[in-house]
Amino acid sequence: MRVRRLAAWTALPLVVTLGLAACGSGGDGGSSGGQDAAVSIQISEPQHLVPTNTTETSGSQVLAGLFSPLVDYDAQNKPYEVAAQSVTSSDNKVWTIKLKDGFTFHNGEKVTSDDYINAWNYGAYAPNGQGASYFFEKIAGYQDLQGEKPKAKTMSGLKKVDDLTFQVTLAEPYIDFKSMLGYTAFYPLPEAAFSAPGVLNDSYEQAPIGQGPFKMKGTWQHDSKLDVERYDAYPGEKPKVKDVEFRVYQQLTAAYSDLQSDNLDVLPTIPTENLSTAQSDLGENYQTSPMSSFQFLAFPTFEKDYSNPDVRKAISMAIDRDEITKSIFKGSQQSARSFVSPVLPGYRDNTTGAAGQFNPTEAKKLYQAAGGPSKITISYNGDGGHKDWVDATCNQLKANLGVDCVGSAEPKFADLLTKVEKKQPVGLFRMGWVMDYPSMEDYLGPLYSTNGSSNYYGYSNPEFDRLVKEGSAAPTQAEAIKKYQQAEDILAKDMPVIPLRFGENVYGHSSKVKNVQMDLFQRVNLLKIEAAS
Amino acid sequence: MAVQAGGTAANFRYARDVILRPFSAFPERLASMFRFILRRLLQMVLAFFGTTLIVYALMFAGQGDPIQALAGERPVTAAQRAYLTQKYHLDQTGVGGFFYRYLDYVKNLLQGDLGQSLTGRQIGDILQQAWPVTVRLALIALAVAIIFGVTAGVIAGIRRASIFDNSTLVLTLLVLGIPTIVLAPIAQYFLGVKWQLFPPTAGAQPSFYALLLPGIVLGSLSLATALRLTRTSVAENLRADYVRTARSKGLVKRRIVSVHVLRNSLIPVVTFLGVELGNLMSGAIITEGVFNIPGVGFNLFRGIRTEDGPLVVGIVSVLVVVYLVSNLVVDVLYAVLDPRIRYE
């Protein structure tokens with residue numbers, strides 16, 4: 001009797017296990033073979049899928065399938081019209097946007113200029129708390145939508161002309177406005193997205209309705225995947241694959257394991273841990289392409305130790321960039337000797353001049369003459385894989401300048417920024433930048449101008465600010481670039497940061513797909529990718 | 001049958017709650033069991049609020065700038081900062097702010113509302129999605145531990161000092177020595193990528209087969225412990241007086257082992273495995289990450305990384321309940337297995 005009871009107790013968990021396990025809804029681990037299998041692309045769980053609230057790569061990748069931008073960028077990274085028929089302005093202040101006829105949302109609604117105006121107003125209205133709202137700050141009337149109790153709900157700068165035409169008036173002339181329109185925040189929203197004027201449906205985000213080449217299949221399966229399929233009524237370039245699955249991974253290394261065994265088709269970023277073996281693991285499916293990321297070391301220019309530009313230049317000269325990109329990044333990043341990314345129109349090599357060239361003897365001489373500090377700290381965020389190169393940089397500084405140097409890790413980037421903002425002594429600190437749209441202004445403005453959103457290092461030069469401003473307001477691209485370049489030359493003299501590396505997309509794909517292209521924003525080009533037959 | 005206090009290792013853990021008594025009448029026993037469960041449930045309520053308070057306090061104290069953590073390396077706009085600050089009462093700081101936010105949290109909790117994560121998702125929804133897959137993973141791990149651990153433990157205990165015994169000793173030492181963070185990627189690489197015996201990752205709606213490899217990895221540690229525990233217990237019981245009596249009575253060896261020894265030896269193992277179930281559910285952070293299983297550990301890790309206070313507290317609150325319940329079940333089960341144990 002007792003024995004049987006005991007046996008029952010022991011068997012119970014087993015039965016439950018097998019029963020529960022059998023409930024599994026069937027294999028999902030890998031896409032099965034065959035022609036019609038969906039192409040799977042790795043993403044992280046997006047934070048949001050409302051265009052004006054999407055600022056990270058994963059969300060932007062999904063939206064790039066669901067929406068079609070007003071403009072896209074050609075091989076020279078100049079904008080050309082996609083959903084727009086034309087984007088014109090005579091004075092760079094009042095812009096007229098004409099939409100192409102024939103675009104419809106996935107629910108059948110015709111795309112009109114109202115859909116753009118409503119979406120942008122929603123994005124700019126401060127109480128909506130949209131992450132990309134600052135993209136609208138150049139539009140006239142943006143300020144009226146800010147604060148806790150905004151004066152207005154719509155921007156005065158947006159005016160409907162007819163169903164396919166609207167006018168955008170900027171607060172000040174801005175030459176790169178057309179480039180800017182390629183960013184995620186400028187997608188339209190259908191009427192169905194709003195439950196009342198200016199109020200977004202809570203459920204919209206779970207299955208966003210766009211006007212792009214793909215439409216949602218089902219809803220957003222959080223932490224798992226998003227399925228999209230080709231939208232046949234899309235009037236533009238037709239995608240070559242029918243179904244795409246955006247599969248959510250928390251760790252890139254897990255995705256890499258899946259890629260190696262053909263369970264995943266595209267991995268947009270090869271994890272650092274696997275960089276050294278990726279080329280041999282993946283063979284010709286290992287690829288690289290240009291990208292806009294820019295890694296640099298910033299000086300707390302407000303501190304006495306680093307207020308002398310000569311000290312900053314000497315430190316820059318003591319760093320052997322090529323050695324670090326070769327030994328630590330295995331060639332997956334390029335040495336940087338300019339203040340803007342090489343993908344931009346207007347980029348020039350070696351704008352840092354002598355200060356960017358590795359020259360240990362000159363560096364030491366200059367450093368001692370300028371009275372640089374005897375101990376240097378380099379702070380970084382410990383969760384981003386920065387330890388190796390920071391330590392290597394420190395070792396170079398120790399050897400070449402004869403100073404003491406330590407790398408100091410903060411748990412997260414947010415912790416690092418908090419310390420920097422409180423002006424606590426963190427020493428040099430690492431920063432990175434990825435552009436939002438291809439314009440030199442998108443680097444010079446936020447990073448180096450006095451009120452720049454990412455100028456955490458207190459750099460301020462009125463002459464520089466003036467040149468950037470004149471550049472944005474210039475009547476032609478050529479004149480704008482000239483001003484921007486003059487501004488960059490000032491940076492070379494002041495050296496507020498040390499440019500270190502320009503990034504590249506280092507990605508891999510399975511043998512089931514071909515023609516995998518990545519854009520400058522780390523997104524897979526969904527129109528070009530094909531199934532390998 | 002001569003009854004003696006058999007597996008002495010059995011009551012090492014819950015000596016406080018259970019004491020041994022020779023006999024007890026059945027109805028009285030049932031009533032005392034209910035009294036025992038009721039008292040434990042009341043204690044659980046206190047323990048639950050105590051632990052959530054502590055977890056909330058820890059998250060509160062360790063919080064830097066959750067809004068920046070959410071945005072990663074991007075600058076945060078003033079509008080968004082103001083919006084999130086107001087929505088999550090992030091401007092309430094200090095001791096007063098802590099109690100304000102904690103009481104607010106508890107108030108919502110009592111209404112069944114776990115709140116929203118910093119990305120605006122309902123934590124209740126997140127948990128609802130995360131739990132089933134974690135429970136399945138944990139049960140597979142537990143099954144692995146029982147099937148292989150207990151069986152091998154019994155064999156090793158019977159054939160003490162044999163080759164089998166010695167080799168399991170070495171193997172379990174090895175498994176206990178290798179942390180999951182090493183074991184999981186190695187297993188994934190060899191069994192999943194190189195030899196392609198298992199799918200390398202499991203995903204959100206995995207088949208039983210896809211969960212098997214992560215289950216084995218997760219269960220290997222419990223397997224090793226269960227094996228060692230069973231072996232010791234069986235070996236000890238084999239030397240007990242009642243076994244000698246049974247043998248001298250002329251019982252066949254198989255019956256002695258399978259009926260008398262096994263039953264007494266499994267008591268400590270069942271206790272261990274019951275508590276281990278709670279551990280397996282919460283301790284799968286690494287395994288779930290490596291095999292891309294969006295379960296509880298996966299979400300807990302993300303919550304900690306992005307300083308998502310509401311999410312972490314929500315998950316931990318539920319984990320606390322799981323622990324308390326599995327402890328209670330073990331205690332009840334323990335007395336069911338051994339009639340000499342009285343509820344007190």
# chains A, B, ... in the order shown; residues from 1 in each chain; ligands from 1
>>> select_by_dssp(residues="segment 54-220 of chain A", states="helix (DSSP H, G or I)", output="PyMOL selection string")
chain A and resi 57-66+113-124+126-128+133-136+142-145+177-180+184-186+191-193+204-206
>>> closest_atom_pairs(of="chain B", to="chain A", cutoff="8 Å", atoms="only C-alpha atoms", output="Markdown table")
| residue | atom | partner | partner_atom | distance |
| --- | --- | --- | --- | --- |
| B:Gly64 | CA | A:Asp415 | CA | 6.2 |
| B:Asp65 | CA | A:Ala414 | CA | 6.1 |
| B:Pro66 | CA | A:Ala414 | CA | 7.7 |
| B:Gln68 | CA | A:Ala414 | CA | 5.2 |
| B:Ala69 | CA | A:Ala414 | CA | 5.2 |
| B:Gly72 | CA | A:Phe413 | CA | 6.9 |
| B:Glu73 | CA | A:Phe413 | CA | 6.5 |
| B:Pro75 | CA | A:Ser454 | CA | 6.2 |
| B:Val76 | CA | A:Gly131 | CA | 7.3 |
| B:Thr77 | CA | A:Tyr134 | CA | 6.8 |
| B:Ala79 | CA | A:Ala126 | CA | 5.2 |
| B:Gln80 | CA | A:Gly129 | CA | 4.4 |
| B:Arg81 | CA | A:Gly129 | CA | 7.7 |
| B:Ala82 | CA | A:Gly129 | CA | 7.7 |
| B:Tyr83 | CA | A:Gly129 | CA | 5.1 |
| B:Leu84 | CA | A:Gly129 | CA | 7.3 |
| B:Thr119 | CA | A:Gln47 | CA | 5.9 |
| B:Arg136 | CA | A:Ala21 | CA | 6.1 |
| B:Leu139 | CA | A:Thr17 | CA | 5.2 |
| B:Ile140 | CA | A:Thr17 | CA | 6.0 |
| B:Ala143 | CA | A:Leu14 | CA | 5.8 |
| B:Gln188 | CA | A:Ser257 | CA | 7.7 |
| B:Tyr189 | CA | A:Ser257 | CA | 7.1 |
| B:Gly192 | CA | A:Ser261 | CA | 7.9 |
| B:Val193 | CA | A:Ser261 | CA | 5.6 |
| B:Gln196 | CA | A:Ser261 | CA | 7.5 |
| B:Pro199 | CA | A:Gly29 | CA | 6.4 |
| B:Pro200 | CA | A:Asp258 | CA | 5.9 |
| B:Thr201 | CA | A:Gly29 | CA | 6.4 |
| B:Ala202 | CA | A:Gly29 | CA | 5.2 |
| B:Gly203 | CA | A:Gly29 | CA | 5.8 |
| B:Ala204 | CA | A:Ser224 | CA | 5.2 |
| B:Gln205 | CA | A:Asp28 | CA | 6.3 |
| B:Pro206 | CA | A:Asp28 | CA | 5.8 |
| B:Ser207 | CA | A:Gly27 | CA | 4.7 |
| B:Phe208 | CA | A:Ala21 | CA | 5.3 |
| B:Ala210 | CA | A:Gly29 | CA | 6.6 |
| B:Val259 | CA | A:Val3 | CA | 6.6 |
| B:Arg263 | CA | A:Val3 | CA | 7.0 |
| B:Val270 | CA | A:Thr10 | CA | 7.9 |
| B:Gly289 | CA | A:Gln251 | CA | 6.3 |
| B:Val290 | CA | A:Ala254 | CA | 5.5 |
| B:Phe291 | CA | A:Ala254 | CA | 6.1 |
| B:Asn292 | CA | A:Tyr249 | CA | 6.0 |
| B:Pro294 | CA | A:Asp223 | CA | 6.0 |
| B:Phe298 | CA | A:Gln250 | CA | 7.7 |
| B:Leu337 | CA | A:Leu6 | CA | 6.7 |
>>> write_last_selection(atoms="N, CA and C atoms", output="CSV table (one decimal), in the first residue's frame")
chain,number,residue,atom,x,y,z
B,64,GLY,N,19.8,54.1,-10.8
B,64,GLY,CA,20.6,55.2,-11.2
B,64,GLY,C,19.6,56.1,-12.0
B,65,ASP,N,19.6,56.0,-13.3
B,65,ASP,CA,18.8,56.8,-14.2
B,65,ASP,C,18.1,55.8,-15.1
B,66,PRO,N,16.9,55.3,-14.7
B,66,PRO,CA,16.3,54.3,-15.5
B,66,PRO,C,15.9,54.8,-16.9
B,68,GLN,N,17.5,56.9,-18.8
B,68,GLN,CA,18.7,56.9,-19.7
B,68,GLN,C,19.0,55.4,-20.0
B,69,ALA,N,18.8,54.5,-19.0
B,69,ALA,CA,19.1,53.1,-19.2
B,69,ALA,C,18.2,52.6,-20.3
B,72,GLY,N,19.4,53.7,-23.7
B,72,GLY,CA,20.8,53.2,-24.1
B,72,GLY,C,21.7,54.3,-24.2
B,73,GLU,N,22.4,54.5,-25.4
B,73,GLU,CA,23.4,55.5,-25.5
B,73,GLU,C,22.8,56.8,-26.3
B,75,PRO,N,20.6,60.2,-26.6
B,75,PRO,CA,20.2,61.3,-25.7
B,75,PRO,C,18.7,61.2,-25.5
B,76,VAL,N,18.2,61.6,-24.3
B,76,VAL,CA,16.8,61.5,-24.0
B,76,VAL,C,16.2,62.9,-24.1
B,77,THR,N,15.1,63.1,-24.7
B,77,THR,CA,14.5,64.4,-24.8
B,77,THR,C,13.8,64.8,-23.5
B,79,ALA,N,11.0,66.2,-23.1
B,79,ALA,CA,9.6,65.8,-23.1
B,79,ALA,C,9.4,64.3,-22.7
B,80,GLN,N,10.2,63.5,-23.2
B,80,GLN,CA,10.1,62.1,-22.8
B,80,GLN,C,10.5,61.8,-21.4
B,81,ARG,N,11.5,62.6,-20.9
B,81,ARG,CA,11.9,62.4,-19.5
B,81,ARG,C,10.8,62.8,-18.6
B,82,ALA,N,10.2,64.0,-18.9
B,82,ALA,CA,9.1,64.5,-18.1
B,82,ALA,C,7.9,63.5,-18.1
B,83,TYR,N,7.6,62.9,-19.3
B,83,TYR,CA,6.5,62.0,-19.4
B,83,TYR,C,6.7,60.7,-18.5
B,84,LEU,N,7.9,60.1,-18.6
B,84,LEU,CA,8.2,58.9,-17.9
B,84,LEU,C,8.3,59.2,-16.4
B,119,THR,N,8.7,50.1,-20.6
B,119,THR,CA,8.4,50.2,-22.0
B,119,THR,C,6.9,50.2,-22.2
B,136,ARG,N,7.7,24.6,-18.0
B,136,ARG,CA,8.0,23.4,-18.8
B,136,ARG,C,9.4,23.1,-18.7
B,139,LEU,N,10.3,21.7,-15.3
B,139,LEU,CA,9.8,20.3,-15.1
B,139,LEU,C,10.6,19.3,-15.9
B,140,ILE,N,11.1,19.7,-17.1
B,140,ILE,CA,11.9,18.8,-17.9
B,140,ILE,C,13.3,18.6,-17.1
B,143,ALA,N,12.6,16.3,-14.3
B,143,ALA,CA,12.4,14.9,-14.7
B,143,ALA,C,13.8,14.3,-15.0
B,188,GLN,N,25.6,23.7,-26.2
B,188,GLN,CA,24.9,24.3,-27.4
B,188,GLN,C,25.8,24.1,-28.6
B,189,TYR,N,27.1,24.4,-28.4
B,189,TYR,CA,28.0,24.4,-29.5
B,189,TYR,C,28.2,23.0,-30.1
B,192,GLY,N,24.3,21.2,-30.5
B,192,GLY,CA,23.4,22.0,-31.3
B,192,GLY,C,24.0,22.4,-32.7
B,193,VAL,N,25.2,23.0,-32.6
B,193,VAL,CA,25.8,23.5,-33.8
B,193,VAL,C,26.7,22.5,-34.6
B,196,GLN,N,24.7,18.9,-34.6
B,196,GLN,CA,23.3,19.1,-35.0
B,196,GLN,C,22.3,18.0,-34.4
B,199,PRO,N,18.1,21.2,-31.8
B,199,PRO,CA,18.1,22.6,-32.3
B,199,PRO,C,18.9,23.5,-31.3
B,200,PRO,N,19.8,24.4,-31.9
B,200,PRO,CA,20.6,25.2,-31.0
B,200,PRO,C,19.9,26.1,-30.0
B,201,THR,N,18.7,26.6,-30.5
B,201,THR,CA,18.0,27.5,-29.6
B,201,THR,C,16.5,27.0,-29.6
B,202,ALA,N,15.8,27.4,-28.5
B,202,ALA,CA,14.4,26.9,-28.4
B,202,ALA,C,13.3,27.9,-28.9
B,203,GLY,N,13.5,29.2,-28.6
B,203,GLY,CA,12.5,30.1,-29.0
B,203,GLY,C,11.3,30.2,-28.1
B,204,ALA,N,10.2,30.9,-28.5
B,204,ALA,CA,9.1,31.2,-27.6
B,204,ALA,C,8.1,30.1,-27.4
B,205,GLN,N,7.9,29.3,-28.5
B,205,GLN,CA,6.9,28.2,-28.4
B,205,GLN,C,7.6,26.9,-28.8
B,206,PRO,N,8.5,26.5,-27.9
B,206,PRO,CA,9.4,25.4,-28.3
B,206,PRO,C,8.7,24.0,-28.2
B,207,SER,N,9.1,23.1,-29.0
B,207,SER,CA,8.6,21.7,-28.9
B,207,SER,C,9.4,21.1,-27.8
B,208,PHE,N,8.9,19.9,-27.4
B,208,PHE,CA,9.5,19.2,-26.3
B,208,PHE,C,11.0,18.9,-26.6
B,210,ALA,N,13.0,20.6,-28.6
B,210,ALA,CA,13.8,21.8,-28.5
B,210,ALA,C,14.2,22.2,-27.1
B,259,VAL,N,11.5,-2.3,-2.1
B,259,VAL,CA,10.4,-1.9,-1.2
B,259,VAL,C,10.9,-1.2,0.1
B,263,ARG,N,12.2,3.1,-0.3
B,263,ARG,CA,11.2,4.0,0.2
B,263,ARG,C,11.8,4.9,1.3
B,270,VAL,N,13.3,13.5,-2.1
B,270,VAL,CA,12.0,14.2,-2.5
B,270,VAL,C,12.0,15.6,-1.9
B,289,GLY,N,18.9,32.5,-21.4
B,289,GLY,CA,19.6,33.5,-22.3
B,289,GLY,C,20.3,32.7,-23.4
B,290,VAL,N,21.1,31.7,-23.0
B,290,VAL,CA,21.9,31.0,-24.0
B,290,VAL,C,21.0,30.3,-25.1
B,291,PHE,N,19.9,29.7,-24.6
B,291,PHE,CA,19.0,29.0,-25.6
B,291,PHE,C,17.8,29.8,-26.1
B,292,ASN,N,17.9,31.1,-25.8
B,292,ASN,CA,16.9,32.1,-26.3
B,292,ASN,C,15.5,31.7,-26.0
B,294,PRO,N,12.3,32.9,-24.0
B,294,PRO,CA,11.8,34.1,-23.3
B,294,PRO,C,11.0,33.8,-22.1
B,298,PHE,N,14.8,35.1,-18.4
B,298,PHE,CA,15.1,36.0,-19.5
B,298,PHE,C,14.6,37.4,-19.2
B,337,LEU,N,4.8,11.1,3.3
B,337,LEU,CA,5.7,10.0,3.0
B,337,LEU,C,6.1,9.3,4.3
>>> closest_residue(among="B:Gly50, B:Gly112, B:Gly219, B:Gly157", to="Leu277 of chain B", atoms="only C-alpha atoms")
B:Gly219
>>> atom_distance(atom1="atom CA of Leu189 of chain A", atom2="atom CA of Tyr116 of chain A")
6.6 Å
>>> residues_around(residues="Ala363 of chain A", least_positions_apart="6", cutoff="12 Å", atoms="only C-alpha atoms", output="PyMOL selection string")
chain A and resi 310-320+354-357+369-370+372+396-397+399-402
>>> residues_around(residues="Leu66 of chain A", least_positions_apart="5", cutoff="7 Å", atoms="only C-alpha atoms", output="NGL selection string")
:A and (210-215)
